[in-house]
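*Asks:* Handing you a structure now.
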Amino acid sequence: MKDGALHELRPARQRGPLQRYWLLFAQAVTVALALYFVVAALQPEWLQRAPTQVGVGVPGRAVPVLQGASVPASGSYREAAGRAMPAVVNILTSKASRDTHPLLKDPFFRRFFGDRMPPDEQLASLGSGVIVSTEGYILTNNHVVEGADIIEVGLADGRKAPAQVVGTDPETDLAVIRIAARNLPVMVLGDPEAARVGDVVLAIGNPFGVGQTVTLGIISALGRNNLHINHFENFIQTDAAINFGNSGGALVDTQGQLLGINSAIYSQTGGSVGIGFAIPVTTAKTVLESIIKHGQVVRGWIGIESQDITPELAESFGLGRSSGAIIAGVVRGGPADRAGMRPGDILVAVAGKAVANTSDMLKLIAALEPGEKVPLRILRKNRESTLDVTVGKRPRQPSQ
């Protein structure tokens, strides 16, 4: 070609695959970095790292936890305690001294002795209670408020309020008192029938007046009776520490729900030795409802005395069974007497429900409505028969 002639155009060399991938990668990194700086500037909390904890039983495995969520320590029951504690109250009771000599009430003697005079009122007891209604109803033990002239309730939030006794039931050692206050925390009732030996429980109360305290244990037995503590016994036994001042407090499950009212301990020193007893909330609820409705607990009664069937009695009566209750006595003119029941009869069923022993018999009869006509199945000289009994009202028993 001559000078000035157009040169032949040649195509540029084609890019290889590796170069194209590298270019795409560089562009992606550039865009990602740009997004990162934009988010860091506008929404920095999005980039905060979520806390982790090591999975229980899975060594080294990290378990993500939502930001801001509560992370209880392993084995902690703080949530259950937190739900239940606000509804457990401290009960202070006092009564006028009835042992003061009349001369000490004379103004002359008071003026002469001055501050050395004994006070007219003295502290009688210190216990706990559980708020079970927004209307101010509180469950506690009868022995906490028995004979008290003044009752003061201290709430967990620091408030204090005077209380009045609504009703008592010495036969279960339960009492219902009431305060006039607003915005009251209420304990959720649990299901003792679903509880099993070995379940973890918390006891909440005010032992020795030191302040609200939570102790941990398990249910060590169910249905404890024949302890001669109360007339009607069906205790939940626990090894959660229960001491003086815990009476009337709450026994709760791991959800913070009320299982029972702490009532007594087995101890030779007055301190906890790991055997405490609580009244099931099913019993407490029945007592509460009856007291609110009638002012007292209304129970069925047929007028009999009974005893358990021992192997010796079974042999002497020629019985081939150990269940049931032997009628040891019949109240003259009472419902059972009018129905034809005699001493020596064996009561085997009440209103179609089998009787296992005297404790079982008492509960079945007490649950009957006064005035109700029910069949009682008895065994007399190894022959079964049925007696129709019109249930009476159980006389109120004095405090034990």
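Ordering of the structure tokens sets the chain letters (A, B, ...); residue numbers start at 1 within each chain; ligands are numbered from 1 in the order shown.
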Neighbouring residues of Thr386 in chain A were defined as those with any atom within 10 Å, considering only C-alpha atoms; residues of the same chain fewer than 6 positions away were excluded. Please report them as a PyMOL selection string.
*Replies:* chain A and resi 339+341+347+349-350+374-379
*Asks:* Tell me which protein, DNA and RNA residues are within 10 Å of Lys381 in chain A, counting only C-alpha atoms, leaving out same-chain ones fewer than 3 positions away, and put them as a tab-separated table (two decimals) with N, CA and C atoms, in the first residue's frame.
*Replies:*
chain	number	residue	atom	x	y	z
A	317	PHE	N	-62.88	-60.90	111.45
A	317	PHE	CA	-64.19	-60.79	110.82
A	317	PHE	C	-64.39	-61.80	109.70
A	318	GLY	N	-63.33	-62.56	109.41
A	318	GLY	CA	-63.42	-63.54	108.33
A	318	GLY	C	-63.55	-62.89	106.97
A	319	LEU	N	-62.84	-61.76	106.79
A	319	LEU	CA	-62.95	-61.02	105.53
A	319	LEU	C	-61.89	-61.47	104.54
A	344	GLY	N	-70.08	-52.62	113.09
A	344	GLY	CA	-69.63	-53.89	112.54
A	344	GLY	C	-69.83	-53.99	111.04
A	345	ASP	N	-70.72	-53.14	110.49
A	345	ASP	CA	-70.86	-53.11	109.04
A	345	ASP	C	-69.57	-52.60	108.41
A	346	ILE	N	-69.32	-53.00	107.18
A	346	ILE	CA	-68.15	-52.52	106.44
A	346	ILE	C	-68.63	-51.70	105.26
A	378	ILE	N	-72.78	-51.62	101.70
A	378	ILE	CA	-72.13	-52.15	102.90
A	378	ILE	C	-71.99	-53.67	102.80
A	384	GLU	N	-73.42	-58.44	100.83
A	384	GLU	CA	-73.53	-57.04	100.43
A	384	GLU	C	-74.99	-56.60	100.38
*Asks:* Separation of CA of Asp169 in chain A and CA of Thr390 in chain A, in Å?
*Replies:*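 So the answer is 24.0 Å.
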*Asks:* So that I can see what lies close to Arg178 in chain A, please list as number ranges by chain the residues with an atom at most 10 Å from it, counting only C-alpha atoms and leaving out residues fewer than 4 positions away in the same chain.
*Replies:* A: 131, 133, 135-139, 153, 161-167
*Asks:* May I have the residues from that selection written out with N, CA and C atoms, as a compact mmCIF listing (two decimals), in the first residue's frame?
*Replies:*
# COMPACT_ATOMS: atom_id res chain seq x y z
N ILE A 131 -52.34 -14.44 97.17
CA ILE A 131 -53.46 -13.71 96.55
C ILE A 131 -54.00 -14.55 95.41
N SER A 133 -57.27 -13.80 94.00
CA SER A 133 -58.35 -13.08 93.33
C SER A 133 -58.04 -11.61 93.28
N GLU A 135 -60.11 -9.44 93.59
CA GLU A 135 -61.01 -8.82 94.56
C GLU A 135 -60.39 -8.82 95.97
N GLY A 136 -59.16 -9.30 96.08
CA GLY A 136 -58.45 -9.20 97.34
C GLY A 136 -58.51 -10.41 98.24
N TYR A 137 -59.03 -11.55 97.75
CA TYR A 137 -59.08 -12.76 98.56
C TYR A 137 -57.69 -13.41 98.64
N ILE A 138 -57.32 -13.80 99.86
CA ILE A 138 -56.00 -14.38 100.12
C ILE A 138 -56.18 -15.70 100.85
N LEU A 139 -55.53 -16.74 100.37
CA LEU A 139 -55.51 -18.04 101.05
C LEU A 139 -54.32 -18.09 101.99
N VAL A 153 -51.37 -7.15 106.10
CA VAL A 153 -50.78 -7.86 104.97
C VAL A 153 -49.74 -6.96 104.31
N ALA A 161 -51.64 -3.36 103.90
CA ALA A 161 -53.07 -3.16 104.00
C ALA A 161 -53.65 -3.99 105.13
N PRO A 162 -54.62 -3.44 105.85
CA PRO A 162 -55.30 -4.23 106.88
C PRO A 162 -56.16 -5.31 106.22
N ALA A 163 -56.35 -6.42 106.91
CA ALA A 163 -57.12 -7.53 106.35
C ALA A 163 -58.19 -7.97 107.33
N GLN A 164 -59.26 -8.52 106.78
CA GLN A 164 -60.34 -9.08 107.57
C GLN A 164 -60.48 -10.57 107.26
N VAL A 165 -60.82 -11.34 108.28
CA VAL A 165 -61.04 -12.77 108.08
C VAL A 165 -62.41 -12.98 107.44
N VAL A 166 -62.44 -13.66 106.30
CA VAL A 166 -63.70 -13.99 105.63
C VAL A 166 -64.27 -15.28 106.21
N GLY A 167 -63.41 -16.24 106.46
CA GLY A 167 -63.84 -17.52 107.03
C GLY A 167 -62.65 -18.43 107.25
*Asks:* What lies within 8 Å of range 321-333 of chain A using only C-alpha atoms, ignoring chain neighbours under 3 positions off, as number ranges by chain?
*Replies:* A: 303-311, 314, 336-338, 341-349, 354-358, 361
*Asks:* Store the residues picked out above in a file with C-alpha atoms, as a short mmCIF file (atom, residue, chain, number, x, y, z; two decimals), in the first residue's frame.
*Replies:*
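Writing the result to out.cif gives the following:
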data_model
loop_
_atom_site.label_atom_id
_atom_site.label_comp_id
_atom_site.auth_asym_id
_atom_site.auth_seq_id
_atom_site.Cartn_x
_atom_site.Cartn_y
_atom_site.Cartn_z
CA GLY A 303 -72.92 -39.71 111.65
CA ILE A 304 -70.52 -42.64 111.84
CA GLU A 305 -67.15 -43.52 113.35
CA SER A 306 -64.90 -45.88 111.45
CA GLN A 307 -61.51 -47.54 111.37
CA ASP A 308 -59.28 -49.10 108.75
CA ILE A 309 -59.30 -52.82 108.05
CA THR A 310 -56.09 -54.27 109.44
CA PRO A 311 -54.94 -57.83 108.73
CA ALA A 314 -59.83 -58.97 108.51
CA ALA A 336 -76.71 -43.48 109.03
CA ASP A 337 -78.71 -44.67 112.05
CA ARG A 338 -82.00 -43.75 110.38
CA MET A 341 -76.45 -48.89 109.47
CA ARG A 342 -75.01 -50.82 112.43
CA PRO A 343 -71.63 -51.10 114.15
CA GLY A 344 -69.63 -53.89 112.54
CA ASP A 345 -70.86 -53.11 109.04
CA ILE A 346 -68.15 -52.52 106.44
CA LEU A 347 -68.67 -49.55 104.16
CA VAL A 348 -67.32 -50.45 100.70
CA ALA A 349 -68.81 -47.74 98.44
CA ALA A 354 -65.27 -47.46 96.09
CA VAL A 355 -63.98 -46.83 99.62
CA ALA A 356 -60.30 -47.73 100.06
CA ASN A 357 -59.89 -46.74 103.72
CA THR A 358 -61.27 -44.38 106.37
CA MET A 361 -64.40 -42.55 103.13
#
*Asks:* How many Å lie between CA of Arg380 in chain A and CA of Glu315 in chain A, rounded to one decimal?
*Replies:*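 Straight-line distance from CA of Arg380 in chain A to CA of Glu315 in chain A works out to 15.0 Å.
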*Asks:* Nearest residue to Asp253 in chain A out of A:Tyr266, A:Trp301, A:Phe208, A:Tyr77, using only C-alpha atoms?
*Replies:* A:Tyr77
*Asks:* Looking only at the backbone, which of the residues in range 137-290 of chain A does DSSP tag as strand (DSSP E or B), as JSON, numbers by chain?
*Replies:* {"A": [137, 138, 139, 140, 141, 150, 151, 152, 153, 154, 160, 161, 162, 163, 164, 165, 166, 167, 168, 169, 174, 175, 176, 177, 178, 179, 189, 200, 201, 202, 203, 204, 205, 213, 214, 215, 216, 217, 218, 219, 220, 221, 222, 223, 224, 235, 236, 237, 238, 250, 251, 252, 258, 259, 260, 261, 262, 263, 264, 265, 276, 277, 278, 279, 280]}
*Asks:* Just list as a PDB file with N, CA and C atoms, in the first residue's frame whatever in range 112-337 of chain A DSSP marks as alpha helix (DSSP H).
*Replies:*
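Saved file part05.pdb follows:
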ATOM      1  N   PHE A 112     -47.210   5.113 137.438  1.00  0.00           N
ATOM      2  CA  PHE A 112     -46.072   4.808 138.293  1.00  0.00           C
ATOM      3  C   PHE A 112     -45.014   4.004 137.547  1.00  0.00           C
ATOM      4  N   PHE A 113     -45.460   2.956 136.812  1.00  0.00           N
ATOM      5  CA  PHE A 113     -44.508   2.070 136.133  1.00  0.00           C
ATOM      6  C   PHE A 113     -44.056   2.620 134.778  1.00  0.00           C
ATOM      7  N   ASN A 142     -55.110 -21.549 108.695  1.00  0.00           N
ATOM      8  CA  ASN A 142     -55.943 -21.143 109.827  1.00  0.00           C
ATOM      9  C   ASN A 142     -55.080 -20.801 111.035  1.00  0.00           C
ATOM     10  N   HIS A 143     -54.004 -21.575 111.260  1.00  0.00           N
ATOM     11  CA  HIS A 143     -53.203 -21.320 112.448  1.00  0.00           C
ATOM     12  C   HIS A 143     -52.413 -20.013 112.365  1.00  0.00           C
ATOM     13  N   VAL A 144     -52.322 -19.423 111.176  1.00  0.00           N
ATOM     14  CA  VAL A 144     -51.640 -18.131 111.036  1.00  0.00           C
ATOM     15  C   VAL A 144     -52.507 -16.995 111.576  1.00  0.00           C
ATOM     16  N   VAL A 145     -53.830 -17.075 111.328  1.00  0.00           N
ATOM     17  CA  VAL A 145     -54.720 -15.970 111.700  1.00  0.00           C
ATOM     18  C   VAL A 145     -55.613 -16.298 112.880  1.00  0.00           C
ATOM     19  N   VAL A 281     -53.953 -27.459  96.003  1.00  0.00           N
ATOM     20  CA  VAL A 281     -54.765 -26.308  95.641  1.00  0.00           C
ATOM     21  C   VAL A 281     -56.190 -26.716  95.293  1.00  0.00           C
ATOM     22  N   THR A 282     -56.412 -27.988  94.915  1.00  0.00           N
ATOM     23  CA  THR A 282     -57.777 -28.451  94.663  1.00  0.00           C
ATOM     24  C   THR A 282     -58.597 -28.376  95.950  1.00  0.00           C
ATOM     25  N   THR A 283     -58.008 -28.803  97.062  1.00  0.00           N
ATOM     26  CA  THR A 283     -58.681 -28.692  98.361  1.00  0.00           C
ATOM     27  C   THR A 283     -58.865 -27.230  98.740  1.00  0.00           C
ATOM     28  N   ALA A 284     -57.819 -26.435  98.540  1.00  0.00           N
ATOM     29  CA  ALA A 284     -57.872 -25.022  98.900  1.00  0.00           C
ATOM     30  C   ALA A 284     -58.934 -24.283  98.087  1.00  0.00           C
ATOM     31  N   LYS A 285     -59.076 -24.623  96.828  1.00  0.00           N
ATOM     32  CA  LYS A 285     -60.071 -23.965  95.972  1.00  0.00           C
ATOM     33  C   LYS A 285     -61.483 -24.283  96.445  1.00  0.00           C
ATOM     34  N   THR A 286     -61.729 -25.553  96.821  1.00  0.00           N
ATOM     35  CA  THR A 286     -63.045 -25.941  97.337  1.00  0.00           C
ATOM     36  C   THR A 286     -63.378 -25.175  98.602  1.00  0.00           C
ATOM     37  N   VAL A 287     -62.399 -25.072  99.507  1.00  0.00           N
ATOM     38  CA  VAL A 287     -62.595 -24.330 100.749  1.00  0.00           C
ATOM     39  C   VAL A 287     -62.847 -22.853 100.457  1.00  0.00           C
ATOM     40  N   LEU A 288     -62.071 -22.277  99.559  1.00  0.00           N
ATOM     41  CA  LEU A 288     -62.218 -20.867  99.192  1.00  0.00           C
ATOM     42  C   LEU A 288     -63.618 -20.575  98.674  1.00  0.00           C
ATOM     43  N   GLU A 289     -64.081 -21.389  97.727  1.00  0.00           N
ATOM     44  CA  GLU A 289     -65.395 -21.145  97.117  1.00  0.00           C
ATOM     45  C   GLU A 289     -66.515 -21.302  98.129  1.00  0.00           C
ATOM     46  N   SER A 290     -66.401 -22.293  99.021  1.00  0.00           N
ATOM     47  CA  SER A 290     -67.439 -22.505 100.022  1.00  0.00           C
ATOM     48  C   SER A 290     -67.475 -21.367 101.037  1.00  0.00           C
ATOM     49  N   ILE A 291     -66.309 -20.890 101.447  1.00  0.00           N
ATOM     50  CA  ILE A 291     -66.254 -19.798 102.418  1.00  0.00           C
ATOM     51  C   ILE A 291     -66.818 -18.518 101.818  1.00  0.00           C
ATOM     52  N   ILE A 292     -66.465 -18.229 100.565  1.00  0.00           N
ATOM     53  CA  ILE A 292     -66.983 -17.019  99.924  1.00  0.00           C
ATOM     54  C   ILE A 292     -68.500 -17.105  99.768  1.00  0.00           C
ATOM     55  N   LYS A 293     -69.011 -18.283  99.462  1.00  0.00           N
ATOM     56  CA  LYS A 293     -70.447 -18.461  99.219  1.00  0.00           C
ATOM     57  C   LYS A 293     -71.253 -18.552 100.508  1.00  0.00           C
ATOM     58  N   HIS A 294     -70.747 -19.333 101.502  1.00  0.00           N
ATOM     59  CA  HIS A 294     -71.525 -19.597 102.710  1.00  0.00           C
ATOM     60  C   HIS A 294     -70.943 -18.962 103.975  1.00  0.00           C
ATOM     61  N   PRO A 311     -54.959 -56.384 108.936  1.00  0.00           N
ATOM     62  CA  PRO A 311     -54.937 -57.834 108.734  1.00  0.00           C
ATOM     63  C   PRO A 311     -55.558 -58.598 109.904  1.00  0.00           C
ATOM     64  N   GLU A 312     -55.357 -58.095 111.136  1.00  0.00           N
ATOM     65  CA  GLU A 312     -55.925 -58.755 112.304  1.00  0.00           C
ATOM     66  C   GLU A 312     -57.451 -58.671 112.295  1.00  0.00           C
ATOM     67  N   LEU A 313     -57.984 -57.473 111.957  1.00  0.00           N
ATOM     68  CA  LEU A 313     -59.435 -57.316 111.896  1.00  0.00           C
ATOM     69  C   LEU A 313     -60.033 -58.150 110.771  1.00  0.00           C
ATOM     70  N   ALA A 314     -59.337 -58.176 109.639  1.00  0.00           N
ATOM     71  CA  ALA A 314     -59.826 -58.973 108.512  1.00  0.00           C
ATOM     72  C   ALA A 314     -59.921 -60.441 108.894  1.00  0.00           C
ATOM     73  N   GLU A 315     -58.948 -60.897 109.680  1.00  0.00           N
ATOM     74  CA  GLU A 315     -58.966 -62.301 110.098  1.00  0.00           C
ATOM     75  C   GLU A 315     -60.089 -62.561 111.104  1.00  0.00           C
ATOM     76  N   SER A 316     -60.272 -61.629 112.048  1.00  0.00           N
ATOM     77  CA  SER A 316     -61.305 -61.834 113.066  1.00  0.00           C
ATOM     78  C   SER A 316     -62.714 -61.746 112.488  1.00  0.00           C
ATOM     79  N   PRO A 335     -78.086 -39.598 110.296  1.00  0.00           N
ATOM     80  CA  PRO A 335     -78.488 -40.109 108.987  1.00  0.00           C
ATOM     81  C   PRO A 335     -78.219 -41.594 108.790  1.00  0.00           C
ATOM     82  N   ALA A 336     -77.039 -42.075 109.219  1.00  0.00           N
ATOM     83  CA  ALA A 336     -76.707 -43.483 109.030  1.00  0.00           C
ATOM     84  C   ALA A 336     -77.585 -44.366 109.915  1.00  0.00           C
ATOM     85  N   ASP A 337     -77.859 -43.914 111.134  1.00  0.00           N
ATOM     86  CA  ASP A 337     -78.711 -44.669 112.048  1.00  0.00           C
ATOM     87  C   ASP A 337     -80.115 -44.799 111.476  1.00  0.00           C
TER      88      ASP A 337
END
*Asks:* Applying 8 Å and only C-alpha atoms, which residues near Gly300 in chain A remain after dropping the ones on its own chain fewer than 6 positions away? List them as a ChimeraX atom specification.
*Replies:* /A:365-370,391-394
*Asks:* Those same residues, written as a PDB file, in the first residue's frame with N, CA and C atoms?
*Replies:*
ATOM      1  N   ILE A 365     -67.614 -38.761 101.724  1.00  0.00           N
ATOM      2  CA  ILE A 365     -68.820 -38.303 102.417  1.00  0.00           C
ATOM      3  C   ILE A 365     -68.835 -36.779 102.540  1.00  0.00           C
ATOM      4  N   ALA A 366     -67.679 -36.178 102.824  1.00  0.00           N
ATOM      5  CA  ALA A 366     -67.607 -34.722 102.965  1.00  0.00           C
ATOM      6  C   ALA A 366     -67.970 -34.008 101.665  1.00  0.00           C
ATOM      7  N   ALA A 367     -67.713 -34.658 100.527  1.00  0.00           N
ATOM      8  CA  ALA A 367     -68.008 -34.044  99.230  1.00  0.00           C
ATOM      9  C   ALA A 367     -69.485 -34.080  98.875  1.00  0.00           C
ATOM     10  N   LEU A 368     -70.285 -34.817  99.659  1.00  0.00           N
ATOM     11  CA  LEU A 368     -71.718 -34.921  99.374  1.00  0.00           C
ATOM     12  C   LEU A 368     -72.453 -33.660  99.799  1.00  0.00           C
ATOM     13  N   GLU A 369     -73.549 -33.356  99.105  1.00  0.00           N
ATOM     14  CA  GLU A 369     -74.359 -32.185  99.425  1.00  0.00           C
ATOM     15  C   GLU A 369     -75.352 -32.534 100.532  1.00  0.00           C
ATOM     16  N   PRO A 370     -75.404 -31.725 101.595  1.00  0.00           N
ATOM     17  CA  PRO A 370     -76.418 -31.962 102.630  1.00  0.00           C
ATOM     18  C   PRO A 370     -77.821 -31.957 102.024  1.00  0.00           C
ATOM     19  N   VAL A 391     -78.148 -37.349 103.337  1.00  0.00           N
ATOM     20  CA  VAL A 391     -76.935 -36.735 103.900  1.00  0.00           C
ATOM     21  C   VAL A 391     -77.281 -35.534 104.771  1.00  0.00           C
ATOM     22  N   GLY A 392     -76.617 -35.429 105.923  1.00  0.00           N
ATOM     23  CA  GLY A 392     -76.774 -34.274 106.798  1.00  0.00           C
ATOM     24  C   GLY A 392     -75.611 -33.301 106.624  1.00  0.00           C
ATOM     25  N   LYS A 393     -75.625 -32.234 107.386  1.00  0.00           N
ATOM     26  CA  LYS A 393     -74.564 -31.226 107.343  1.00  0.00           C
ATOM     27  C   LYS A 393     -73.572 -31.495 108.464  1.00  0.00           C
ATOM     28  N   ARG A 394     -72.314 -31.564 108.101  1.00  0.00           N
ATOM     29  CA  ARG A 394     -71.284 -31.866 109.080  1.00  0.00           C
ATOM     30  C   ARG A 394     -71.172 -30.738 110.101  1.00  0.00           C
TER      31      ARG A 394
END
*Asks:* Using only C-alpha atoms, can you tell me which of A:Ile242, A:Ile275, A:Met187, A:Ala264 comes closest to Ser220 in chain A?
*Replies:*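 Of A:Ile242, A:Ile275, A:Met187, A:Ala264, the one nearest Ser220 in chain A is A:Ile275, counting only C-alpha atoms.
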*Asks:* A:Leu18, A:Ile177, A:Val210, A:Val188: which is nearest Leu258 in chain A, counting only C-alpha atoms?
*Replies:*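 Of the candidates, the smallest distance to Leu258 in chain A is held by A:Val188.
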*Asks:* Select, from A:Val200, A:Leu387, A:Leu23, A:Ala156, the residue with the minimum atom-to-atom distance to Gln237 in chain A, counting only C-alpha atoms.
*Replies:*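 Residue with the minimum atom-to-atom distance to Gln237 in chain A: A:Val200.
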*Asks:* Find the residues around Leu251 in chain A up to 7 Å (only C-alpha atoms counted), leave out those fewer than 2 positions away in its own chain, and share them as a list in words.
*Replies:*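 So, after excluding close chain neighbours, the residues are Val201, Leu202, Ala203, Ile204, Gly249, Leu258, Leu259, Gly260, Ile261 and Asn262 of chain A.
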*Asks:* For the selection you just gave me, I'd like the residues written to a file as a CSV table (one decimal), in the first residue's frame, keeping N, CA and C atoms.
*Replies:*
chain,number,residue,atom,x,y,z
A,201,VAL,N,-40.3,-28.3,92.4
A,201,VAL,CA,-41.2,-27.3,93.0
A,201,VAL,C,-40.4,-26.2,93.7
A,202,LEU,N,-41.1,-25.1,93.9
A,202,LEU,CA,-40.5,-23.9,94.6
A,202,LEU,C,-41.4,-23.6,95.8
A,203,ALA,N,-40.9,-23.4,97.0
A,203,ALA,CA,-41.6,-22.9,98.1
A,203,ALA,C,-41.3,-21.4,98.3
A,204,ILE,N,-42.4,-20.6,98.4
A,204,ILE,CA,-42.2,-19.2,98.5
A,204,ILE,C,-43.0,-18.7,99.8
A,249,GLY,N,-47.8,-19.9,102.8
A,249,GLY,CA,-47.2,-19.5,101.5
A,249,GLY,C,-47.4,-20.5,100.4
A,258,LEU,N,-49.7,-22.3,91.1
A,258,LEU,CA,-49.9,-22.7,92.5
A,258,LEU,C,-50.3,-24.2,92.5
A,259,LEU,N,-49.5,-25.0,93.3
A,259,LEU,CA,-49.8,-26.4,93.5
A,259,LEU,C,-50.4,-26.6,94.9
A,260,GLY,N,-50.0,-25.9,95.8
A,260,GLY,CA,-50.4,-26.1,97.2
A,260,GLY,C,-50.1,-24.9,98.1
A,261,ILE,N,-50.7,-25.0,99.3
A,261,ILE,CA,-50.5,-24.0,100.4
A,261,ILE,C,-49.6,-24.7,101.4
A,262,ASN,N,-48.4,-24.2,101.6
A,262,ASN,CA,-47.5,-24.8,102.6
A,262,ASN,C,-48.1,-24.7,104.0
*Asks:* Restricting the calculation to only C-alpha atoms, which member of A:Val130, A:Leu364, A:Val297, A:Asn225 is positioned closest to Ala84 in chain A?
*Replies:*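 Of A:Val130, A:Leu364, A:Val297, A:Asn225, the one nearest Ala84 in chain A, counting only C-alpha atoms, is A:Val130.
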